[in-house]
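Chemist: One structure, pasted below without further comment.
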Amino acid sequence: MAISTKMEAAFNAQINAEMYSAYLYLSMSCQAQDLKLKGIANWFKVQYDEEIAHAMGLLNYLHDRGGRVILTAIEAPRTEWESAIAMFENTCEHEAKVTGLINEMVSLAMEEKDYAAIQFLDWYVKEQVEEEATADEILGELRLAENAPGALLMLDRELGARTFVAPVIG
């Protein structure tokens, strides 16, 4: 059974949203690099890679279901933040927004009785729990380190150790 027109549109919109997320995190990586926070820059670069993988997972699923992928313009992301704390506050807000988008897709899949999409999107639901928790944890640590430059440098080094591991989606 081919994917419905409504689900096809939702998948295309989410592909765009994931590409925007990647673009946003790449922008944050560049800003962190400018602030000489190479570890945080690395963390955001890995986040960029993850978001690209998320978009590709959606794209591949849409192809597998006989849908048509329609790529549209990606909105320009913000390019400046006053601090690493501001970047992670923005990250927490953004991930909450993405969670809402994924939840809306699951609701639509339920309305459409698209059980394959529900099953597939379950991975994204679980991923968003992890994304929000991780961003919130780092934000908390940055707030603790706010007036302690040594603590910020330790956290920066810790975040610099993050590496990209391609997710197994679905």
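Residues in the structure tokens are named by chain (A, B, ... in the order shown) and by number from 1 within that chain; ligands are numbered from 1 in the order shown.
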With segment 116-136 of chain A as the partner and 8 Å as the cut-off, tabulate the residues of segment 28-105 of chain A that qualify, each row holding the nearest pair of atoms and their distance in Å to one decimal, using only C-alpha atoms, sorted by chain and rising number, as CSV.
Modeler:
```
residue,atom,partner,partner_atom,distance
A:Phe88,CA,A:Ala135,CA,6.5
A:Thr91,CA,A:Ala135,CA,6.6
A:Cys92,CA,A:Ala135,CA,5.7
A:Glu95,CA,A:Glu132,CA,5.8
A:Ala96,CA,A:Glu132,CA,6.7
A:Val98,CA,A:Gln128,CA,7.7
A:Thr99,CA,A:Gln128,CA,5.8
A:Ile102,CA,A:Val125,CA,6.6
A:Asn103,CA,A:Val125,CA,7.2
A:Met105,CA,A:Leu121,CA,7.9
```
Chemist: Just want the 9 Å neighbourhood of Asp49 of chain A, counted on only C-alpha atoms, with same-chain residues fewer than 2 positions away dropped. Output as a ChimeraX atom specification.
Modeler: /A:22,26,44-47,51-54,164-166
Chemist: Taking N, CA and C atoms for each residue, export the selection above as a CSV table (one decimal), in the first residue's frame.
Modeler:
```
chain,number,residue,atom,x,y,z
A,22,ALA,N,19.8,20.7,11.1
A,22,ALA,CA,21.2,20.5,10.8
A,22,ALA,C,21.8,21.8,10.5
A,26,LEU,N,24.8,23.6,12.6
A,26,LEU,CA,26.1,23.9,12.0
A,26,LEU,C,26.4,25.4,12.3
A,44,PHE,N,28.2,20.4,18.5
A,44,PHE,CA,27.2,20.9,17.5
A,44,PHE,C,27.4,20.3,16.1
A,45,LYS,N,28.7,20.1,15.7
A,45,LYS,CA,29.0,19.5,14.4
A,45,LYS,C,28.5,18.1,14.4
A,46,VAL,N,28.7,17.4,15.4
A,46,VAL,CA,28.1,16.0,15.5
A,46,VAL,C,26.6,16.0,15.5
A,47,GLN,N,26.0,17.0,16.1
A,47,GLN,CA,24.6,17.2,16.1
A,47,GLN,C,24.1,17.4,14.7
A,51,GLU,N,21.4,15.2,12.6
A,51,GLU,CA,20.2,15.7,12.0
A,51,GLU,C,20.1,15.4,10.5
A,52,ILE,N,21.3,15.4,9.8
A,52,ILE,CA,21.3,14.9,8.4
A,52,ILE,C,20.9,13.5,8.3
A,53,ALA,N,21.4,12.7,9.2
A,53,ALA,CA,21.0,11.2,9.2
A,53,ALA,C,19.5,11.1,9.5
A,54,HIS,N,18.9,11.9,10.4
A,54,HIS,CA,17.5,11.8,10.6
A,54,HIS,C,16.7,12.2,9.4
A,164,PHE,N,30.5,11.1,15.9
A,164,PHE,CA,29.3,10.7,15.2
A,164,PHE,C,29.2,9.2,15.0
A,165,VAL,N,28.1,8.6,15.4
A,165,VAL,CA,27.9,7.2,15.1
A,165,VAL,C,26.6,7.2,14.4
A,166,ALA,N,26.6,6.7,13.2
A,166,ALA,CA,25.4,6.7,12.3
A,166,ALA,C,24.3,5.9,13.0
```
Chemist: Residues near Leu108 of chain A, anyone? I mean within 12 Å using only C-alpha atoms, not counting same-chain ones fewer than 2 positions away, as a ChimeraX atom specification.
Modeler: /A:4-11,101-106,110-115,117-118,121
Chemist: Report as a PyMOL selection string: the residues of chain A with a DSSP assignment of alpha helix (DSSP H), based on the backbone of this structure.
Modeler: chain A and resi 5-34+38-64+84-111+115-144+149-160
Chemist: Identify, on the basis of only C-alpha atoms, every residue whose closest approach to Tyr23 of chain A does not exceed 9 Å; exclude the query and any residue fewer than 4 positions from it along the same chain; express the result as a VMD selection string.
Modeler: chain A and resid 18 to 19 27 to 28 48 51 74 to 77
Chemist: Could you save the residues just selected, with C-alpha atoms, as a compact mmCIF listing (two decimals), in the first residue's frame?
Modeler:
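The new file out.txt reads:
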```txt
# COMPACT_ATOMS: atom_id res chain seq x y z
CA GLU A 18 15.44 18.06 10.02
CA MET A 19 17.55 19.81 7.40
CA SER A 27 25.54 27.66 12.62
CA MET A 28 25.93 27.07 16.35
CA TYR A 48 24.54 18.50 12.54
CA GLU A 51 20.19 15.71 11.96
CA ILE A 74 15.63 25.59 4.07
CA GLU A 75 15.05 28.65 6.22
CA ALA A 76 18.22 30.55 7.16
CA PRO A 77 19.17 29.86 10.79
```
Chemist: Would you list the contacts of Thr163 of chain A as an MDAnalysis selection string, taking every protein, DNA or RNA residue within 9 Å and counting only C-alpha atoms, but skipping same-chain residues closer than 3 positions in sequence?
Modeler: chainID A and resid 42:43 46 160
Chemist: Ranking A:Leu153, A:Met56, A:Ala41, A:Ala32 by minimum distance to Glu80 of chain A and counting only C-alpha atoms, which one comes first?
Modeler: A:Ala32
Chemist: Using only C-alpha atoms, can you tell me which of A:Arg157, A:Leu152, A:Tyr25, A:Ile3 comes closest to Gly66 of chain A?
Modeler: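 Smallest separation from Gly66 of chain A among the options: A:Ile3.
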